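First comes the structure, then the notes that go with it.
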Amino acid sequence: MKNFIEVGKTEEEQVEQIKKWVKDNGMQIFAGIAIGLSGIWGMDAYKSYQNAQSLEARTLYLNVAINPNNSKALEQLSAEHEDSGYLEQANLLLAKNAVNNKNYTQALEYLAPLNASNNNQIAKIATLRTASLHLEMGNFKQALEVLNSASSGEFNGLYNQLKGDIYLADNQTDNAKKHYQLALKQISQDSKLRNLISIKLNDLN
């Protein structure tokens, strides 16, 4: 951009030149300032809105956590904050509550949408719990199908440990051993789960 003050002019001439430049470009200057400020204020308003939405979603989730029978809070959380993450946490909590009440079918309903969650950790936890419920219900084939249809990634040790439990419950001893052995190779050395798997494996030898 060309300098609006020409070098070499006297001080008085430069002052007059500045006045003329401001007069000619004043509206553009003020418009630019206004746009800049509105952008800042708009961003602040958006952040405030986001914070308010997050607070409301968290409040609704806590209401469900305190009282799992609070259907109104759950419905509002589902309708207004579906993508907040708190709805998925609420469904996990409600599934656990249903299991405590031996209502396994209802627990599976809460877990169903979570198996395809965009949150990788939520999806894997839901998969493990879904398979565990099918195991508890004696649905061994379905339990294995749930685990085999999902990628395990960093959860592979837990997946294989659960597969071992499923095969053991279905009297498939060799398959149970195989998956317990795999689980021991995949689970970290400092995991407390290793002792439990080792005990199960030793019982089969």
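Ordering of the structure tokens sets the chain letters (A, B, ...); residue numbers start at 1 within each chain; ligands are numbered from 1 in the order shown.
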Discussion item. Taking 4 positions as the minimum chain separation for residues in the same chain, which residues sit within 10 Å of segment 173-176 of chain A when counting only C-alpha atoms? Answer as a VMD selection string.
Written reply: chain A and resid 160 to 169 180 to 182 200 to 201 204 to 205
Dump of N, CA and C atoms for the selected residues, as a tab-separated table (two decimals), in the first residue's frame:
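Below you can see again_19.tsv, which holds the result:
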```tsv
chain	number	residue	atom	x	y	z
A	160	ASN	N	-10.04	-59.75	23.80
A	160	ASN	CA	-9.67	-61.17	23.83
A	160	ASN	C	-9.93	-61.81	25.18
A	161	GLN	N	-9.76	-61.04	26.24
A	161	GLN	CA	-10.09	-61.57	27.57
A	161	GLN	C	-11.57	-61.91	27.66
A	162	LEU	N	-12.41	-61.03	27.11
A	162	LEU	CA	-13.85	-61.27	27.13
A	162	LEU	C	-14.22	-62.42	26.21
A	163	LYS	N	-13.55	-62.52	25.07
A	163	LYS	CA	-13.80	-63.67	24.18
A	163	LYS	C	-13.46	-64.97	24.89
A	164	GLY	N	-12.38	-64.94	25.68
A	164	GLY	CA	-12.02	-66.12	26.45
A	164	GLY	C	-13.14	-66.50	27.42
A	165	ASP	N	-13.71	-65.52	28.07
A	165	ASP	CA	-14.83	-65.77	29.00
A	165	ASP	C	-16.03	-66.36	28.27
A	166	ILE	N	-16.30	-65.84	27.09
A	166	ILE	CA	-17.46	-66.31	26.31
A	166	ILE	C	-17.24	-67.76	25.89
A	167	TYR	N	-16.06	-68.07	25.36
A	167	TYR	CA	-15.78	-69.44	24.93
A	167	TYR	C	-15.78	-70.40	26.12
A	168	LEU	N	-15.27	-69.93	27.26
A	168	LEU	CA	-15.27	-70.77	28.47
A	168	LEU	C	-16.69	-71.07	28.91
A	169	ALA	N	-17.57	-70.06	28.90
A	169	ALA	CA	-18.97	-70.27	29.28
A	169	ALA	C	-19.68	-71.20	28.30
A	180	TYR	N	-7.27	-66.20	26.07
A	180	TYR	CA	-6.64	-65.76	27.32
A	180	TYR	C	-5.14	-65.52	27.09
A	181	GLN	N	-4.52	-66.41	26.33
A	181	GLN	CA	-3.09	-66.27	26.03
A	181	GLN	C	-2.83	-65.01	25.20
A	182	LEU	N	-3.70	-64.76	24.23
A	182	LEU	CA	-3.58	-63.54	23.43
A	182	LEU	C	-3.73	-62.30	24.32
A	200	LYS	N	-7.43	-67.78	35.45
A	200	LYS	CA	-8.38	-68.47	34.56
A	200	LYS	C	-7.64	-69.47	33.66
A	201	LEU	N	-6.52	-69.03	33.14
A	201	LEU	CA	-5.73	-69.87	32.23
A	201	LEU	C	-5.17	-71.09	32.96
A	204	LEU	N	-7.52	-73.91	33.48
A	204	LEU	CA	-7.84	-74.70	32.29
A	204	LEU	C	-6.71	-75.67	31.91
A	205	ASN	N	-5.55	-75.53	32.52
A	205	ASN	CA	-4.42	-76.41	32.19
A	205	ASN	C	-4.37	-77.64	33.10
```
Discussion item. So that I can check the secondary structure, give me every residue of segment 74-201 of chain A assigned helix (DSSP H, G or I) by backbone DSSP, as an MDAnalysis selection string.
Written reply: chainID A and resid 74:80 86:100 104:116 120:136 140:148 153:169 173:186 193:201
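For the pair atom CA of Ser149 of chain A and atom CA of Tyr104 of chain A, the interatomic distance is 20.8 Å.
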Worksheet entry | Spatial neighbours of Ser78 of chain A, max dist 12 Å, only C-alpha atoms, sep filter under 2 positions, as a list in words |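 Returned residues: Ala57, Leu60, Tyr61, Val64, Ser71, Lys72, Ala73, Leu74, Glu75, Gln76, Glu80, His81, Glu82, Asp83, Ser84, Gly85, Tyr86, Leu87, Glu88, Gln89, Ala90 and Asn91 of chain A.
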Item to complete: Select, from A:Asn202, A:Thr105, A:Gln142, A:Asn97, the residue with the minimum atom-to-atom distance to Asn69 of chain A, counting only C-alpha atoms.
Response: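 Comparing A:Asn202, A:Thr105, A:Gln142, A:Asn97 against Asn69 of chain A, the winner is A:Asn97.
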Fill in: Selected residue, from A:Ile66, A:Asn103, A:Asp170, A:Ser54, that lies nearest to Lys141 of chain A when counting only C-alpha atoms
A:Asp170
Practice prompt. Figure out the distance between atom CA of Asn63 of chain A and atom CA of Glu109 of chain A, please, to one decimal in Å.
Written response: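 Computing it gives 20.4 Å between the two atoms.
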Worksheet entry | Best match for closeness to Ala126 of chain A among A:Leu144, A:Leu193, A:Ala79, A:Ala150, counting only C-alpha atoms |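 The closest residue to Ala126 of chain A is A:Ala150.
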Response to the item:
Shortest contact to Val146 of chain A, candidates A:Ser191, A:Asn115, A:Asn120, A:Gln172, atoms counted only C-alpha atoms, goes to A:Asn115
